[in-house]
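So this one's run-v4.cif, mmCIF, C-alpha atoms, pLDDT in the B column; chains and numbers go by the auth columns:
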```
data_work
loop_
_atom_site.group_PDB
_atom_site.id
_atom_site.type_symbol
_atom_site.label_atom_id
_atom_site.label_comp_id
_atom_site.label_asym_id
_atom_site.label_seq_id
_atom_site.Cartn_x
_atom_site.Cartn_y
_atom_site.Cartn_z
_atom_site.B_iso_or_equiv
_atom_site.auth_seq_id
_atom_site.auth_asym_id
ATOM 1 C CA MET A 1 -18.001 13.214 30.383 64.00 34 A
ATOM 2 C CA LYS A 2 -17.458 9.726 29.156 70.00 35 A
ATOM 3 C CA SER A 3 -18.244 8.946 25.570 79.00 36 A
ATOM 4 C CA ARG A 4 -20.156 5.824 24.827 80.00 37 A
ATOM 5 C CA PRO A 5 -18.149 2.893 23.520 80.00 38 A
ATOM 6 C CA LYS A 6 -18.236 2.385 19.780 82.00 39 A
ATOM 7 C CA SER A 7 -20.291 -0.442 18.422 90.00 40 A
ATOM 8 C CA LEU A 8 -18.578 -3.209 16.477 90.00 41 A
ATOM 9 C CA LYS A 9 -19.892 -1.792 13.211 90.00 42 A
ATOM 10 C CA GLU A 10 -18.529 1.677 14.002 90.00 43 A
ATOM 11 C CA GLN A 11 -15.146 0.225 14.959 90.00 44 A
ATOM 12 C CA ARG A 12 -14.976 -1.728 11.684 88.00 45 A
ATOM 13 C CA GLU A 13 -15.875 1.361 9.657 89.00 46 A
ATOM 14 C CA ALA A 14 -13.256 3.426 11.494 90.00 47 A
ATOM 15 C CA ASP A 15 -10.616 0.735 10.866 90.00 48 A
ATOM 16 C CA ARG A 16 -11.489 0.564 7.158 89.00 49 A
ATOM 17 C CA ALA A 17 -11.283 4.333 6.849 91.00 50 A
ATOM 18 C CA SER A 18 -7.910 4.350 8.591 92.00 51 A
ATOM 19 C CA VAL A 19 -6.519 1.634 6.311 92.00 52 A
ATOM 20 C CA LYS A 20 -7.889 3.457 3.276 92.00 53 A
ATOM 21 C CA ARG A 21 -6.213 6.731 4.314 94.00 54 A
ATOM 22 C CA ALA A 22 -2.894 5.002 4.997 94.00 55 A
ATOM 23 C CA THR A 23 -2.950 3.201 1.646 93.00 56 A
ATOM 24 C CA LEU A 24 -3.792 6.334 -0.309 94.00 57 A
ATOM 25 C CA LYS A 25 -1.048 8.189 1.518 95.00 58 A
ATOM 26 C CA ALA A 26 1.497 5.467 0.655 94.00 59 A
ATOM 27 C CA LEU A 27 0.454 5.520 -3.019 94.00 60 A
ATOM 28 C CA ARG A 28 0.712 9.299 -3.231 94.00 61 A
ATOM 29 C CA ARG A 29 4.027 9.248 -1.375 93.00 62 A
ATOM 30 C CA ALA A 30 5.473 6.746 -3.883 92.00 63 A
ATOM 31 C CA LYS A 31 4.231 8.811 -6.832 92.00 64 A
ATOM 32 C CA LYS A 32 5.626 12.020 -5.341 92.00 65 A
ATOM 33 C CA ALA A 33 8.993 10.407 -4.566 91.00 66 A
ATOM 34 C CA ALA A 34 9.279 9.230 -8.167 90.00 67 A
ATOM 35 C CA ASP A 35 8.451 12.711 -9.463 90.00 68 A
ATOM 36 C CA THR A 36 10.876 14.562 -7.192 91.00 69 A
ATOM 37 C CA SER A 37 13.790 12.172 -7.714 89.00 70 A
ATOM 38 C CA GLN A 38 13.433 12.324 -11.512 86.00 71 A
ATOM 39 C CA VAL A 39 13.202 8.522 -11.682 85.00 72 A
ATOM 40 C CA LYS A 40 11.431 7.377 -14.809 87.00 73 A
ATOM 41 C CA LEU A 41 8.698 4.921 -13.925 86.00 74 A
ATOM 42 C CA SER A 42 7.632 2.529 -16.635 89.00 75 A
ATOM 43 C CA ASP A 43 4.240 3.044 -18.233 92.00 76 A
ATOM 44 C CA TRP A 44 2.985 -0.008 -16.403 93.00 77 A
ATOM 45 C CA GLU A 45 4.130 1.286 -13.004 92.00 78 A
ATOM 46 C CA GLY A 46 2.487 4.668 -13.559 90.00 79 A
ATOM 47 C CA GLU A 47 -0.727 3.023 -14.663 94.00 80 A
ATOM 48 C CA PHE A 48 -0.559 0.646 -11.691 94.00 81 A
ATOM 49 C CA LEU A 49 -0.302 3.518 -9.191 93.00 82 A
ATOM 50 C CA GLY A 50 -3.181 5.374 -10.843 93.00 83 A
ATOM 51 C CA SER A 51 -5.529 2.413 -11.129 94.00 84 A
ATOM 52 C CA VAL A 52 -4.874 1.173 -7.601 94.00 85 A
ATOM 53 C CA GLU A 53 -5.446 4.662 -6.222 94.00 86 A
ATOM 54 C CA THR A 54 -8.744 4.915 -8.111 93.00 87 A
ATOM 55 C CA ARG A 55 -9.959 1.531 -6.856 92.00 88 A
ATOM 56 C CA VAL A 56 -9.000 2.286 -3.249 92.00 89 A
ATOM 57 C CA GLU A 57 -10.793 5.640 -3.374 92.00 90 A
ATOM 58 C CA ARG A 58 -13.909 4.130 -4.925 91.00 91 A
ATOM 59 C CA TYR A 59 -14.194 0.759 -3.184 88.00 92 A
ATOM 60 C CA GLY A 60 -11.933 1.049 -0.139 86.00 93 A
ATOM 61 C CA ARG A 61 -9.701 -1.769 -1.392 85.00 94 A
ATOM 62 C CA ALA A 62 -7.931 -2.621 -4.627 87.00 95 A
ATOM 63 C CA PHE A 63 -8.683 -6.314 -4.917 85.00 96 A
ATOM 64 C CA ARG A 64 -11.800 -8.434 -4.902 82.00 97 A
ATOM 65 C CA ASP A 65 -10.705 -11.927 -3.897 82.00 98 A
ATOM 66 C CA PRO A 66 -10.408 -12.100 -0.073 77.00 99 A
ATOM 67 C CA GLU A 67 -7.811 -14.870 -0.323 82.00 100 A
ATOM 68 C CA LYS A 68 -5.312 -12.519 -1.962 84.00 101 A
ATOM 69 C CA GLY A 69 -4.947 -10.252 1.047 81.00 102 A
ATOM 70 C CA GLY A 70 -5.761 -9.771 4.678 80.00 103 A
ATOM 71 C CA PRO A 71 -9.318 -9.062 5.797 79.00 104 A
ATOM 72 C CA GLY A 72 -8.488 -5.515 6.881 82.00 105 A
ATOM 73 C CA SER A 73 -6.006 -4.601 4.172 87.00 106 A
ATOM 74 C CA ALA A 74 -6.675 -2.384 1.178 89.00 107 A
ATOM 75 C CA LEU A 75 -3.988 -3.940 -1.045 90.00 108 A
ATOM 76 C CA SER A 76 -3.381 -7.562 -1.905 90.00 109 A
ATOM 77 C CA MET A 77 -0.038 -9.056 -0.918 90.00 110 A
ATOM 78 C CA LEU A 78 1.366 -8.742 -4.446 91.00 111 A
ATOM 79 C CA GLN A 79 0.088 -5.177 -4.833 92.00 112 A
ATOM 80 C CA ALA A 80 1.760 -4.221 -1.550 91.00 113 A
ATOM 81 C CA LEU A 81 4.999 -5.852 -2.734 92.00 114 A
ATOM 82 C CA LYS A 82 4.893 -3.967 -6.049 92.00 115 A
ATOM 83 C CA LEU A 83 4.221 -0.695 -4.201 93.00 116 A
ATOM 84 C CA LYS A 84 7.323 -1.328 -2.057 92.00 117 A
ATOM 85 C CA GLU A 85 9.374 -1.999 -5.188 91.00 118 A
ATOM 86 C CA ILE A 86 8.172 1.219 -6.856 91.00 119 A
ATOM 87 C CA SER A 87 8.923 3.205 -3.678 91.00 120 A
ATOM 88 C CA ALA A 88 12.407 1.689 -3.513 90.00 121 A
ATOM 89 C CA LYS A 89 13.021 2.477 -7.177 89.00 122 A
ATOM 90 C CA ALA A 90 11.997 6.087 -6.549 88.00 123 A
ATOM 91 C CA LYS A 91 14.382 6.311 -3.588 86.00 124 A
ATOM 92 C CA GLY A 92 17.251 4.875 -5.601 83.00 125 A
ATOM 93 C CA ARG A 93 17.462 1.490 -3.936 78.00 126 A
ATOM 94 C CA LYS A 94 17.920 -1.605 -6.027 68.00 127 A
ATOM 95 C CA SER A 95 15.233 -3.688 -4.391 58.00 128 A
ATOM 96 C CA GLY A 96 12.160 -2.926 -2.361 48.00 129 A
ATOM 97 C CA LEU A 97 12.959 -5.702 0.052 56.00 130 A
ATOM 98 C CA ARG A 98 16.236 -5.964 1.831 60.00 131 A
ATOM 99 C CA ARG A 99 16.844 -9.560 2.619 64.00 132 A
ATOM 100 C CA LYS A 100 19.612 -10.917 4.714 68.00 133 A
ATOM 101 C CA PRO A 101 21.325 -13.958 3.319 70.00 134 A
ATOM 102 C CA PHE A 102 20.981 -17.176 5.174 73.00 135 A
ATOM 103 C CA GLY A 103 24.144 -17.889 7.010 71.00 136 A
ATOM 104 C CA ARG A 104 25.274 -20.875 8.901 70.00 137 A
ATOM 105 C CA VAL A 105 26.552 -20.198 12.351 67.00 138 A
ATOM 106 C CA THR A 106 29.480 -22.445 13.131 62.00 139 A
#
```
Could you write out this structure as structure tokens?
Amino acid sequence: MKSRPKSLKEQREADRASVKRATLKALRRAKKAADTSQVKLSDWEGEFLGSVETRVERYGRAFRDPEKGGPGSALSMLQALKLKEISAKAKGRKSGLRRKPFGRVT
């Protein structure tokens, strides 16, 4: 049997739920990594993880202004960057982003 195609509204709701699950999983993974590696998070970082998790669970996203993040994302760009930094700190890396230096090819 073929299932009927999902309506646009159902697809949007499924996408939002998927993004919400992925974001909550990333937040919990960062918190768990910090706990297991015995890395001391600052008070601000611990509060950040807790408040963002609460807002994502309640509202499906952690920011209000649509210009701060993508239309389908649950975290703003700066929140996602801070989450990467906290995850990197928990894993023992110096920086959440690994950038390659600009080099001139001669």
Write out, as a Markdown table, each residue of segment 91-135 of chain A that has an atom at most 10 Å from segment 69-74 of chain A, together with the closest pair of atoms and their distance in Å to one decimal, counting all atoms listed in the file, rows going by chain and rising number.
```
| residue | atom | partner | partner_atom | distance |
| --- | --- | --- | --- | --- |
| A:Ile119 | CA | A:Leu74 | CA | 8.0 |
| A:Lys122 | CA | A:Val72 | CA | 7.5 |
| A:Ala123 | CA | A:Val72 | CA | 5.8 |
| A:Lys124 | CA | A:Ser70 | CA | 7.2 |
| A:Gly125 | CA | A:Val72 | CA | 8.2 |
```
Expected file contents, prior selection, C-alpha atoms, as a PDB file, in the coordinates of the input:
```pdb
ATOM      1  CA  ILE A 119       8.172   1.219  -6.856  1.00 91.00           C
ATOM      2  CA  LYS A 122      13.021   2.477  -7.177  1.00 89.00           C
ATOM      3  CA  ALA A 123      11.997   6.087  -6.549  1.00 88.00           C
ATOM      4  CA  LYS A 124      14.382   6.311  -3.588  1.00 86.00           C
ATOM      5  CA  GLY A 125      17.251   4.875  -5.601  1.00 83.00           C
TER       6      GLY A 125
END
```
Contacts between segment 56-60 of chain A and segment 70-89 of chain A, please, where a residue of segment 70-89 of chain A counts if it comes within 12 Å (with all atoms listed in the file); show its shortest atom pair and distance in Å to one decimal, rows by chain and ascending number, as a Markdown table.
```
| residue | atom | partner | partner_atom | distance |
| --- | --- | --- | --- | --- |
| A:Glu78 | CA | A:Leu60 | CA | 11.5 |
| A:Gly79 | CA | A:Leu60 | CA | 10.8 |
| A:Glu80 | CA | A:Leu60 | CA | 12.0 |
| A:Phe81 | CA | A:Leu60 | CA | 10.0 |
| A:Leu82 | CA | A:Leu60 | CA | 6.5 |
| A:Gly83 | CA | A:Leu60 | CA | 8.6 |
| A:Ser84 | CA | A:Leu60 | CA | 10.5 |
| A:Val85 | CA | A:Leu60 | CA | 8.3 |
| A:Glu86 | CA | A:Leu57 | CA | 6.4 |
| A:Thr87 | CA | A:Leu57 | CA | 9.3 |
| A:Arg88 | CA | A:Leu57 | CA | 10.2 |
| A:Val89 | CA | A:Leu57 | CA | 7.2 |
```
Coordinates-based distance that separates atom CA of Leu116 of chain A from atom CA of Lys101 of chain A (Å, one decimal):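 Between atom CA of Lys101 of chain A and atom CA of Leu116 of chain A the gap is 15.4 Å.
Omitting Ala50 of chain A and its sequence neighbours fewer than 5 positions away, and counting all atoms listed in the file, the residues within 9 Å are Arg45, Ala55 and Gly93 of chain A.
In terms of minimum interatomic distance to Glu46 of chain A, A:Gly105 ranks closest within A:Arg62, A:Gly105, A:Ala67, A:Leu114, counting all atoms listed in the file.
A straight line drawn from atom CA of Lys39 of chain A to atom CA of Gly103 of chain A is 23.1 Å long.
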One-decimal distance in Å that lies between atom CA of Lys42 of chain A and atom CA of Pro99 of chain A: 19.3 Å
Best match for closeness to Ala95 of chain A among A:Lys35, A:Arg126, A:Lys53, A:Lys117, counting all atoms listed in the file: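 For Ala95 of chain A, the nearest of the given residues is A:Lys53.
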Nearest to Ala63 of chain A, chosen from A:Lys115, A:Arg91, A:Arg49, A:Arg97, with only C-alpha atoms counted in the distances: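 Smallest distance to Ala63 of chain A is found for A:Lys115.
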